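Okay, structure first, notes after.
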Amino acid sequence: MKPATSSTATSQACQIALGWGVIAVSVVVVTPDGLLELFDATTAAVAGALRGVTDRRGKGERAGQYALDLATDAAAVEVLTSAGVGVLSEESGVHHPERSVTVVIDPVDGSSNCSRGIPWYACSLAAVDRDGVLASTVTNLASGTTYRAVRGGGSTRDGAPLAVSGCSALGDAMVALNGWSPLHLGWRQYRSLGATALDICLVAEGALDGYLDCADQNAPWDYLGAMLVLAEAGGVLLDARGQELVVLDHAARRAPVAAATAALADELAGAHRAVLS
C-alpha cells in the first residue's frame, strides 16, 4: 500500500425514498468523517429494510442466500451509489468501479444467525481508496453496538477507544473459528459465533485473542470492515496463505487470520498451513 494521503471533496445533501421511509445522504462524500456519516445512513437503511422482512428464513436467488440479504442490499446500494461512491457488494457485485472510493459491503454478515433470531449479525462497510481501507463501520444490527475506524485515527466501540489483549501465545488464546477444524490446533479455548466481521471486532476490543478462517471462504466484504478496526486497535490481520487482503474482486476468497499480536498471528497462520492446507 502507498502512504496515506488526505482526501477532500464537496458534498451536497439529497433525500432518497426507500420502501420504509426517506433518508438523507450527502453526495460525493470522500473525507473520513463524511464516509462515517454515510455509513451511518447506510446502516439505518439496512436496518429499515430488515424490519420490513416478514419471513427472515425466506430463500434468495442462490444457495445460502436469504430474501433478507436481497432486501437489505437493495436499500444499501441505493444509498451508497447516490452518494457518489462505488460499491462491491456480496449480494449484487460491483457498481461504479470507476469512482475513486469503493465501499465494500456485507449488508447482513451472519445472515443465518439473523434468520434464526441469534443476535450476532452485522452491517459491515469499508471504504477503499488507492491507499487501502480509509474508514470502516461494523454495526451489530441486533444490539446496535457500533465499531468505527479511520486510517491513522484509531478505532472505537460506541465511542470508546479499543485496544487488543496483547496475547502472544496460542496456548493462552481464546480464538473464534469460521468453519470447523478437524484437529485441535493448540488454542486454550475456541468459539464459533457465525459472523466474521463481529468476530474480528471482538479481537480488536480484547474480548478474544484471535480469529481463524478454517474454510478458506472469507471474501473481502466479510473482513475488510473489521480489518481496519483491528489494525487501529493495535492488532494484526493477515492471510494464512500470504495473499493480499485488500482486493476489490468479487470472486476473491481468502483465509484471514486475526490476532492481538504478530507472534500470535504467525502461530495461527502456521497451524492453518500445517493442518488445514
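Residue numbering restarts at 1 in every chain; chains get A, B, ... in the order shown in the C-alpha cells, and ligands count up from 1 in that same order.
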
Write out as a count of residues only all residues of range 7-192 of chain A that DSSP puts in alpha helix (DSSP H) for this structure's backbone.
-> 41

Quick one: everything within 12 Å of Gly153 in chain A, counting only C-alpha atoms, minus sequence neighbours fewer than 5 positions away in the same chain. Send it as a count of residues only.
-> 15

Would you please work out which residue, of A:Val236, A:Val85, A:Ala215, A:Val94, is nearest to Val257 in chain A when using only C-alpha atoms?
->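 The closest residue to Val257 in chain A is A:Val236.
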
Show me, as a PDB file with C-alpha atoms, in the first residue's frame, the residues that have an atom within 12 Å of Gly235 in chain A when counting only C-alpha atoms, minus same-chain residues fewer than 6 positions from it.
ATOM      1  CA  GLY A 154      -7.846   4.848  15.900  1.00  0.00           C
ATOM      2  CA  SER A 155     -10.897   2.667  16.390  1.00  0.00           C
ATOM      3  CA  LEU A 162     -10.275  -0.050  21.528  1.00  0.00           C
ATOM      4  CA  ALA A 163      -7.139  -1.998  22.413  1.00  0.00           C
ATOM      5  CA  VAL A 164      -6.239  -5.642  21.805  1.00  0.00           C
ATOM      6  CA  SER A 165      -5.478  -8.115  24.597  1.00  0.00           C
ATOM      7  CA  GLY A 166      -1.755  -8.438  23.915  1.00  0.00           C
ATOM      8  CA  CYS A 167      -1.871 -12.248  23.937  1.00  0.00           C
ATOM      9  CA  SER A 168       1.124 -13.651  22.063  1.00  0.00           C
ATOM     10  CA  ILE A 200     -12.732  -9.882  14.356  1.00  0.00           C
ATOM     11  CA  CYS A 201     -14.043  -6.818  16.183  1.00  0.00           C
ATOM     12  CA  LEU A 202     -14.043  -8.897  19.378  1.00  0.00           C
ATOM     13  CA  VAL A 203     -10.321  -9.390  18.804  1.00  0.00           C
ATOM     14  CA  ALA A 204      -9.947  -5.625  18.401  1.00  0.00           C
ATOM     15  CA  GLU A 205     -11.587  -4.956  21.747  1.00  0.00           C
ATOM     16  CA  GLY A 206      -9.635  -7.667  23.569  1.00  0.00           C
ATOM     17  CA  LEU A 208     -10.999 -12.604  22.008  1.00  0.00           C
ATOM     18  CA  ASP A 209      -7.321 -13.062  21.226  1.00  0.00           C
ATOM     19  CA  GLY A 210      -7.577 -14.388  17.678  1.00  0.00           C
ATOM     20  CA  TYR A 211      -9.713 -15.467  14.740  1.00  0.00           C
ATOM     21  CA  ALA A 226     -13.236  -5.241  10.770  1.00  0.00           C
ATOM     22  CA  MET A 227      -9.697  -5.290   9.380  1.00  0.00           C
ATOM     23  CA  LEU A 228      -9.265  -1.550   9.895  1.00  0.00           C
ATOM     24  CA  VAL A 229     -10.959  -1.685  13.314  1.00  0.00           C
ATOM     25  CA  VAL A 257      -6.087 -14.739  10.480  1.00  0.00           C
ATOM     26  CA  ALA A 258      -6.727 -12.072  13.100  1.00  0.00           C
ATOM     27  CA  ALA A 259      -4.669 -11.768  16.248  1.00  0.00           C
ATOM     28  CA  ALA A 260      -3.801  -9.452  19.078  1.00  0.00           C
ATOM     29  CA  THR A 261      -0.095  -9.668  18.210  1.00  0.00           C
ATOM     30  CA  ALA A 262       2.111 -10.536  15.261  1.00  0.00           C
ATOM     31  CA  ALA A 263       3.521 -13.515  17.153  1.00  0.00           C
ATOM     32  CA  LEU A 264       0.072 -14.991  17.701  1.00  0.00           C
ATOM     33  CA  ALA A 265      -0.912 -14.284  14.075  1.00  0.00           C
TER      34      ALA A 265
END

Which residues come within 7 Å of Gly186 in chain A, counting only C-alpha atoms, excluding same-chain residues fewer than 2 positions away, as an MDAnalysis selection string?
-> chainID A and resid 170:171 184 188

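Going from CA of Gly152 in chain A over to CA of Asp129 in chain A, you cover 14.2 Å.
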
Between CA of Gly34 in chain A and CA of Val87 in chain A, measure the distance and give it in Å to one decimal.
->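 CA of Gly34 in chain A sits 16.1 Å away from CA of Val87 in chain A.
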
Tell me, in Å to one decimal, how far CA of Gln217 in chain A is from CA of Gly58 in chain A.
-> 23.3 Å

With range 189-197 of chain A as the partner and 10 Å as the cut-off, tabulate the residues of range 40-110 of chain A that qualify, each row holding the nearest pair of atoms and their distance in Å to one decimal, using only C-alpha atoms, sorted by chain and rising number, as CSV.
residue,atom,partner,partner_atom,distance
A:Asp106,CA,A:Ala197,CA,9.2
A:Val108,CA,A:Ala195,CA,9.1
A:Asp109,CA,A:Ala195,CA,5.7
A:Gly110,CA,A:Ala195,CA,4.4

File of the preceding selection, C-alpha atoms, as a short mmCIF file (atom, residue, chain, number, x, y, z; two decimals), in the first residue's frame:
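selection-v3.cif, freshly written:
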data_model
loop_
_atom_site.label_atom_id
_atom_site.label_comp_id
_atom_site.auth_asym_id
_atom_site.auth_seq_id
_atom_site.Cartn_x
_atom_site.Cartn_y
_atom_site.Cartn_z
CA ASP A 106 -21.95 -7.02 3.53
CA VAL A 108 -26.03 -8.59 6.85
CA ASP A 109 -22.90 -10.50 7.82
CA GLY A 110 -24.14 -13.54 9.70
#

Nearby residues (only C-alpha atoms) at most 12 Å from range 114-118 of chain A, same-chain spacing under 4 positions excluded, as a list in words | Ala47, Leu50, Arg51, Val53, Thr54, Asp55, Arg56, Arg57, Gly58, Lys59, Gly64, Gln65, Tyr66, Ala67, Leu68, Asp69, Pro107, Val108, Asp109, Gly110, Ala122, Cys123, Asn140, Leu141, Ala142, Ser143, Leu193, Gly194 and Ala195 of chain A

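If you measure from each of A:Leu36, A:Val46, A:Ile105, A:Ala160 to Asp222 in chain A using only C-alpha atoms, the closest one turns out to be A:Ile105.
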